[in-house]
Each structure stands twice: as structure tokens, then as C-alpha cells.
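Taking it in order: structure first as C-alpha cells, then the write-up.
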Amino acid sequence: MNGSRSINWNMTSTNSLDESTFSTEVTVFPLIVGFLTCVIILISNLLVLIVLICQPEIRKNYRIEFILWLCLSDIVVGISGLLFVCNFLIKGLSKNTHYCSLMYYFIAAGIGQSLAQTFLICIDRHMAVVANVRYKLFNKKYRYIVIFGTWVFIHTYVGTLVAVFMRTDYITYCSAKSFPYSKLFLTAINVLFLSLLLAIPCLYISTMISFRNRSKRTHNYPNVILSVVNSAPSSQSTQNIAHFLEKNKIRHKYEKHVLVTTGLIVVVFLLLNGPFLFIIIFLEGNDFIAVQRSTRILISLMTFLNSAVNPMLYAWRIRKVRQIFIKFICRCKTNETQQY
């Protein structure tokens with residue numbers, strides 16, 4: 001074992017007698033990294049969730065519904081990561097069909113929900129830029145209905161696929177290919193997940209183009225109003241127009257800030273989740289390529305890392321969330337100082 005600690009985990013196939021006597025060794029280091037990443041995912045997203053729910057000022061000034069449910073999706077990904085790590089560490093779990101099915105349910109549901117929520121965030125920004133009137137009518141009640149409906153759909157879809165296709169009496173190791181109908185499961189997953197994966201960047205790019213075109217059309221608009229201001233006879237009309245200009249400038253700055261935040265979420269998601277969805281689920285799942293075990297572990301860790309990075313993006317880009325985090329950390333330090 002080259003002098004390093006490792007854990008034996010049966011990765012063999014039931015289709016070959018020679019393969020059934022072969023096992024691979026997984027070093028402890030990636031398991032420790034995976035475990036710590038999942039713990040960070042759960043703690044950070046639970047903290048963001050508490051902040052978003054318990055702070056009425058944030059709920060009043062920010063449209064945080066999609067981010068709130070994205071936190072819940074990341075929590076599901078964190079739970080799936082813990083199940084994935086325990087599958088290596090606890091003897092016997094890798095041969096338990098129910099545990100393996102449950103692990104694949106959490107992995108698929110967590111990633112699928114993250115995909116759906118990221119897509120909904122892009123739709124929310126697209127409506128704000130392209131159809132602002134409809135966007136204002138799209139109040140909180142309707143947004144929660146759409147979000148909750150998407151949540152129910154994803155979990156029902158994945159749960160049905162797991163219940164129908166990920167069933168067998170015995171497996172020699174926990175892998176999708178150990179189940180006889182795994183290809184049908186992966187095909188159904190790919191149809192939905194890859195469609196969303198392709199739609200997310202297309203929708204965001206379309207929104208960015210519309211935003212830039214609108215900015216160009218209104219670039220000379222303030223100059224036109226200023227000429228009207230200079231020729232206006234009353235001071236009251238001058239003040240009203242100046243107030244309108246300032247309000248329009250603030251709104252444009254806010255929309256740009258939110259659009260950049262959405263872009264960061266989309267880019268990070270595509271960079272960290274894209275390889276898993278395209279290489280592992282689509283290419284390897286359909287036997288187009290064979291991926292080495294070390295590469296598969298690295299890509300899986302990247303997927304979990306995305307859910308750990310998201311809370312950092314929220315704290316960085318949303319000022320109120322950042323302020324509450326700073327107050328929380330300072331309060332913890334103050335309490336520790338008082339104890340001593």
C-alpha cells in the first residue's frame with residue numbers, strides 16, 4: 001500500500017469471476033477531504049438558512065426565495081456526500097442495496113434540485129430585465145409556489161426512478177452499474193439534467209445581451225432629461241426629474257449587481273458540477289468513455305465543493321448577509337473573551 005493508509009472497497013463487477021476477486025484501495029486522504037467538505041456544506045448552508053429565515057430586513061429588501069431553496073438543495077448534496085463517505089468507511093454498507101439506492105437518490109435529488117434552482121434564478125433575472133412589468137406582478141406567493149412545485153417535481157421524479165430502476169436483491173459493491181436497469185435510470189436522469197445544464201448558460205447569456213442592449217438604449221436618456229431640466233420653468237419639476245434620474249440610476253446599479261451575482265453562481269455551478277454531470281453521468285454512465293477512479297473521486301469532490309462555495313458567494317455579494325455574519329463572528333469572539 002506504499003506506506004500510506006488505505007481502505008479496501010470492493011469495486012468489482014458481478015459480470016466476471018476474475019473481476020470479483022479484484023478490489024481497489026481508496027486512500028484515506030480523499031475521504032477526509034470529502035467528509036470535511038460535507039461538514040462545511042451543512043454548517044455553512046444551515047447558517048445562511050437561519051440568517052435568511054430569521055432576518056425580516058433581508059426578506060423585505062431582497063428577493064431571497066431562490067437562494068433560500070438553493071441552500072436547501074446544497075444541504076441535500078451535503079447529506080449525499082456523507083452517505084458517499086460512509087459507504088467507504090462502514091463495513092457492509094457497500095453491499096446493502098437499500099443504502100446504495102438511498103445514496104443515489106440523495107445524490108441525484110441534490111444535484112437535480114441545484115440545477116433547477118439555478119435555472120429558476122436565471123429565469124427570475126430574465127424576467128426582471130426583459131419583462132419588468134410581469135416581474136413585479138410575480139410576487140412572493142407565486143414565486144414560492146413555483147419553487148416548491150419544482151422541489152416536489154424533482155424529488156418525485158428522482159424518487160420514482162430510484163424505486164423503479166434501482167432495485168435488485170443482491171449487489172457485490174455500491175455502484176450504479178450493479179443494478180440491472182441502471183442504464184434506464186441514467187438515461188432518464190440525463191434527459192432532464194443535461195437539458196437544464198444546457199439551458200442555464202443560454203438563458204443567462206440571453207439575459208446579459210438584453211441587459212446590455214437596454215443599457216445602450218438608455219445611455220443617452222439622462223442627457224435628454226437634463227436638457228428638459230435646464231429649460232424647465234418651475235423648480236418643482238426640476239426636483240422631480242432629478243429624483244427620477246437618481247432613482248433610475250440606483251435601480252440600474254442594483255440590477256447590474258444582482259446580475260453579476262447570478263453570473264457568479266452560474267459560472268461556479270458549471271465549472272464544479274458540469275464535469276460530474278457530463279463526464280460521469282452522461283459519458284461514463286452510457287459507456288462512451290472509461291474514467292479512472294482517481295479522476296472520478298476528484299470530479300465528485302468538485303461537485304461537493306460547489307455546495308460549500310455558494311454560502312461564501314452569498315456572504316460576499318449580499319451586504320446584509322455579510323454584515324450579519326460579521327456580527328455573528330464578532331459576538332462569538334466577544335463571548336470567548338468574556339469567559340476568560
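Chain labels A, B, ... are given in the sequence in which chains occur in the C-alpha cells; within each chain residues are numbered consecutively from 1, and ligands are likewise numbered from 1 in the order shown.
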
Wanna dump the segment 274-339 of chain A-segment 75-98 of chain A contacts at 12 Å for me, each residue with its shortest atom pair and the distance in Å to one decimal, counting only C-alpha atoms, ordered by chain and number, as a Markdown table?
| residue | atom | partner | partner_atom | distance |
| --- | --- | --- | --- | --- |
| A:Ile297 | CA | A:Phe84 | CA | 10.7 |
| A:Ser300 | CA | A:Gly81 | CA | 8.9 |
| A:Leu301 | CA | A:Gly81 | CA | 8.8 |
| A:Met302 | CA | A:Gly81 | CA | 11.3 |
| A:Thr303 | CA | A:Val77 | CA | 8.7 |
| A:Phe304 | CA | A:Val77 | CA | 6.8 |
| A:Leu305 | CA | A:Gly78 | CA | 9.5 |
| A:Asn306 | CA | A:Val77 | CA | 9.6 |
| A:Ser307 | CA | A:Val77 | CA | 7.1 |
| A:Ala308 | CA | A:Gly78 | CA | 8.6 |
| A:Asn310 | CA | A:Ile75 | CA | 11.2 |
| A:Pro311 | CA | A:Ile75 | CA | 11.1 |

For this session: Could you give me, as a PyMOL selection string, the residues within 12 Å of Cys71 of chain A, counting only C-alpha atoms and dropping anything in the same chain fewer than 4 positions from it?
Result: chain A and resi 41-53+64-67+75-78+110-111+113-114+117-118+306-314

Exercise. Within 12 Å of Phe148 of chain A, counting only C-alpha atoms, which residues qualify if same-chain residues fewer than 5 places away don't, as number ranges by chain?
Worked result: A: 65-66, 68-70, 72-73, 113, 116-117, 120, 140-143, 153-155

Problem set entry | Shell around Leu277 of chain A at 10 Å using only C-alpha atoms, local window under 2 positions removed, as a ChimeraX atom specification | /A:111-112,189-190,193-194,197,270,272-275,279-285,299-300,303

For this session: Find the residues near Phe119 of chain A: any atom within 8 Å, counting only C-alpha atoms, skip ones fewer than 4 places away on the same chain, and give them as a ChimeraX atom specification.
Result: /A:115,123,196,199-200

Problem set entry | Polymer residues at most 10 Å from Arg214 of chain A, only C-alpha atoms, same-chain spacing of 5 or more positions, as an MDAnalysis selection string | chainID A and resid 129:130 208:209 219

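With only C-alpha atoms as the atoms that count, the minimum distance from Tyr173 of chain A to the choices A:Ile32, A:Val152, A:Tyr99, A:Arg319 is reached by A:Tyr99.
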
For this session: Would you mind listing what lies within 8 Å of segment 157-167 of chain A as a PyMOL selection string, with only C-alpha atoms counted and same-chain residues fewer than 2 positions away left out?
Result: chain A and resi 97+101+104-105+108-109+153-155+169+176+179-182+184-185+188-189

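For the atom pair formed by atom CA of Met103 of chain A and atom CA of Ile265 of chain A, the distance is 25.6 Å, given to one decimal.
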
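With distances restricted to only C-alpha atoms, A:Leu31 is the closest residue to Ser294 of chain A from A:Leu31, A:Leu203, A:Leu192, A:Leu186.
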
Seminar exercise, completed: Here atom CA of Val260 of chain A and atom CA of Asp124 of chain A stand apart by 13.5 Å

Seminar exercise, completed: Students should find that atom CA of Phe29 of chain A and atom CA of Leu298 of chain A are spaced 11.6 Å
